[in-house]
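Undergrad: Following this message is one structure expressed as structure tokens.
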Amino acid sequence: MIRVMFPVMIMALSVSLWTSTALASDDVSAQPHSARAHPSPLLRLPRPMRMIRANPERFAITDEQAQRLETELHAVYSPQMHALMDKTVQLEEAMQTALLIDGRDLSELKADLERLIGLKRQLLQLRVAALAQLRTILSPEQFSQLVAAHQEHRAEKRKQCRQQQAQDT
């Protein structure tokens with residue numbers, strides 16, 4: 001299994017290492033959340049609090065729902081996710097340094113790679129749990145609107161990427 005997955009893990013690691021460190025600095029905890037480097041996700045999922053805060057009218061969030069979102073979702077999951085993201089970015093940076101500057105081979109970093117995969121798995125599990133909790137707070141219609149907003153956002157990002165690629169060629 002590892003032998004089959006190894007090329008995929010190498011590719012995922014290299015993409016992750018390059019994308020996750022774009023905004024990193026020496027003191028990640030001192031940066032506001034929006035300025036922090038984020039590890040590349042295993043699976044792209046909506047970022048509900050970001051979308052809701054950006055446009056609460058679109059989702060018709062009631063005061064009660066806003067309170068529940070803060071206490072049941074943001075206060076519970078956000079600190080856990082940020083701690084894991086910080087650990088993931090630090091490990092990615094250390095692995096990037098080992099591979100690119102120190103000239104180490106990926107086979108020497110097998111334990112770090114497994115730890116990185118484990119951290120990303122934990123992040124994904126937290127995000128899925130947070131989305132499940134979100135479903136208990138929002139109405140089915142509101143949740144559908146959130147999914148639609150996520151799909152619109154992804155389509156816009158893909159469009160921007162295609163435009164950038166066209167300019168680069």
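So you can find residues: chains in the structure tokens are A, B, ... in the order shown, residues in each start at 1, and ligands are numbered from 1 in order.
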As a ChimeraX atom specification, please: all residues of region 28-144 of chain A that backbone DSSP puts in alpha helix (DSSP H).

TA: /A:48-54,56-59,63-68,75-96,110-137,140-144

Undergrad: Applying 12 Å and only C-alpha atoms, which residues near Ser144 (chain A) remain after dropping the ones on its own chain fewer than 3 positions away? List them as a PDB file with C-alpha atoms, in the first residue's frame.

TA:
ATOM      1  CA  PRO A  46     -17.003  25.271   2.619  1.00  0.00           C
ATOM      2  CA  PRO A  48     -19.119  28.516   6.638  1.00  0.00           C
ATOM      3  CA  ARG A  58     -27.749  36.321   2.174  1.00  0.00           C
ATOM      4  CA  PHE A  59     -28.273  33.438   4.597  1.00  0.00           C
ATOM      5  CA  LEU A 134     -23.663  23.550  11.340  1.00  0.00           C
ATOM      6  CA  ARG A 135     -26.465  21.443   9.842  1.00  0.00           C
ATOM      7  CA  LEU A 138     -29.102  26.195  10.084  1.00  0.00           C
ATOM      8  CA  SER A 139     -32.332  25.323   8.335  1.00  0.00           C
ATOM      9  CA  PRO A 140     -32.069  23.006   5.309  1.00  0.00           C
ATOM     10  CA  GLU A 141     -32.668  26.015   3.062  1.00  0.00           C
ATOM     11  CA  VAL A 147     -23.409  25.081  -0.320  1.00  0.00           C
ATOM     12  CA  ALA A 148     -24.472  27.137  -3.359  1.00  0.00           C
ATOM     13  CA  ALA A 149     -22.312  30.054  -2.170  1.00  0.00           C
ATOM     14  CA  HIS A 150     -19.359  27.684  -1.796  1.00  0.00           C
ATOM     15  CA  GLN A 151     -19.887  26.358  -5.316  1.00  0.00           C
TER      16      GLN A 151
END

Undergrad: What lies within 12 Å of Arg53 (chain A) using only C-alpha atoms, ignoring chain neighbours under 3 positions off, as a VMD selection string?

TA: chain A and resid 47 to 50 56 to 61 66 69 to 70 74 146

Undergrad: Take the residues that were just selected and, keeping N, CA and C atoms, output them as a PDB file, in the first residue's frame.

TA:
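result-v5.pdb, freshly written:
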ATOM      1  N   ARG A  47     -16.116  27.044   3.956  1.00  0.00           N
ATOM      2  CA  ARG A  47     -15.706  27.711   5.197  1.00  0.00           C
ATOM      3  C   ARG A  47     -16.912  28.538   5.632  1.00  0.00           C
ATOM      4  N   PRO A  48     -17.812  27.900   6.370  1.00  0.00           N
ATOM      5  CA  PRO A  48     -19.119  28.516   6.638  1.00  0.00           C
ATOM      6  C   PRO A  48     -19.056  29.821   7.408  1.00  0.00           C
ATOM      7  N   MET A  49     -18.248  29.900   8.424  1.00  0.00           N
ATOM      8  CA  MET A  49     -18.217  31.123   9.224  1.00  0.00           C
ATOM      9  C   MET A  49     -17.720  32.292   8.388  1.00  0.00           C
ATOM     10  N   ARG A  50     -16.748  32.057   7.531  1.00  0.00           N
ATOM     11  CA  ARG A  50     -16.222  33.112   6.665  1.00  0.00           C
ATOM     12  C   ARG A  50     -17.320  33.616   5.723  1.00  0.00           C
ATOM     13  N   PRO A  56     -24.114  38.025   5.982  1.00  0.00           N
ATOM     14  CA  PRO A  56     -25.137  37.380   6.820  1.00  0.00           C
ATOM     15  C   PRO A  56     -26.553  37.525   6.276  1.00  0.00           C
ATOM     16  N   GLU A  57     -26.804  38.618   5.541  1.00  0.00           N
ATOM     17  CA  GLU A  57     -28.145  38.829   4.988  1.00  0.00           C
ATOM     18  C   GLU A  57     -28.494  37.757   3.960  1.00  0.00           C
ATOM     19  N   ARG A  58     -27.507  37.335   3.210  1.00  0.00           N
ATOM     20  CA  ARG A  58     -27.749  36.321   2.174  1.00  0.00           C
ATOM     21  C   ARG A  58     -28.310  35.034   2.773  1.00  0.00           C
ATOM     22  N   PHE A  59     -27.868  34.698   3.982  1.00  0.00           N
ATOM     23  CA  PHE A  59     -28.273  33.438   4.597  1.00  0.00           C
ATOM     24  C   PHE A  59     -29.394  33.607   5.623  1.00  0.00           C
ATOM     25  N   ALA A  60     -29.842  34.845   5.838  1.00  0.00           N
ATOM     26  CA  ALA A  60     -30.938  35.150   6.767  1.00  0.00           C
ATOM     27  C   ALA A  60     -30.707  34.513   8.141  1.00  0.00           C
ATOM     28  N   ILE A  61     -29.547  34.769   8.698  1.00  0.00           N
ATOM     29  CA  ILE A  61     -29.185  34.229  10.008  1.00  0.00           C
ATOM     30  C   ILE A  61     -29.922  34.998  11.093  1.00  0.00           C
ATOM     31  N   ALA A  66     -27.070  33.095  15.166  1.00  0.00           N
ATOM     32  CA  ALA A  66     -25.766  33.758  15.275  1.00  0.00           C
ATOM     33  C   ALA A  66     -25.105  33.409  16.607  1.00  0.00           C
ATOM     34  N   LEU A  69     -24.017  29.772  16.419  1.00  0.00           N
ATOM     35  CA  LEU A  69     -22.835  29.645  15.566  1.00  0.00           C
ATOM     36  C   LEU A  69     -21.572  30.022  16.333  1.00  0.00           C
ATOM     37  N   GLU A  70     -21.681  31.068  17.122  1.00  0.00           N
ATOM     38  CA  GLU A  70     -20.524  31.520  17.890  1.00  0.00           C
ATOM     39  C   GLU A  70     -20.166  30.527  18.997  1.00  0.00           C
ATOM     40  N   HIS A  74     -17.954  28.203  16.301  1.00  0.00           N
ATOM     41  CA  HIS A  74     -16.706  28.960  16.277  1.00  0.00           C
ATOM     42  C   HIS A  74     -15.878  28.747  17.554  1.00  0.00           C
ATOM     43  N   LEU A 146     -25.733  27.992   1.628  1.00  0.00           N
ATOM     44  CA  LEU A 146     -24.314  27.985   1.965  1.00  0.00           C
ATOM     45  C   LEU A 146     -23.532  27.126   0.977  1.00  0.00           C
TER      46      LEU A 146
END

Undergrad: What is the distance, in Å and to one decimal place, between CA of Leu106 (chain A) and CA of Gln80 (chain A)?

TA: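 One can read the CA of Leu106 (chain A) to CA of Gln80 (chain A) distance as 28.7 Å.
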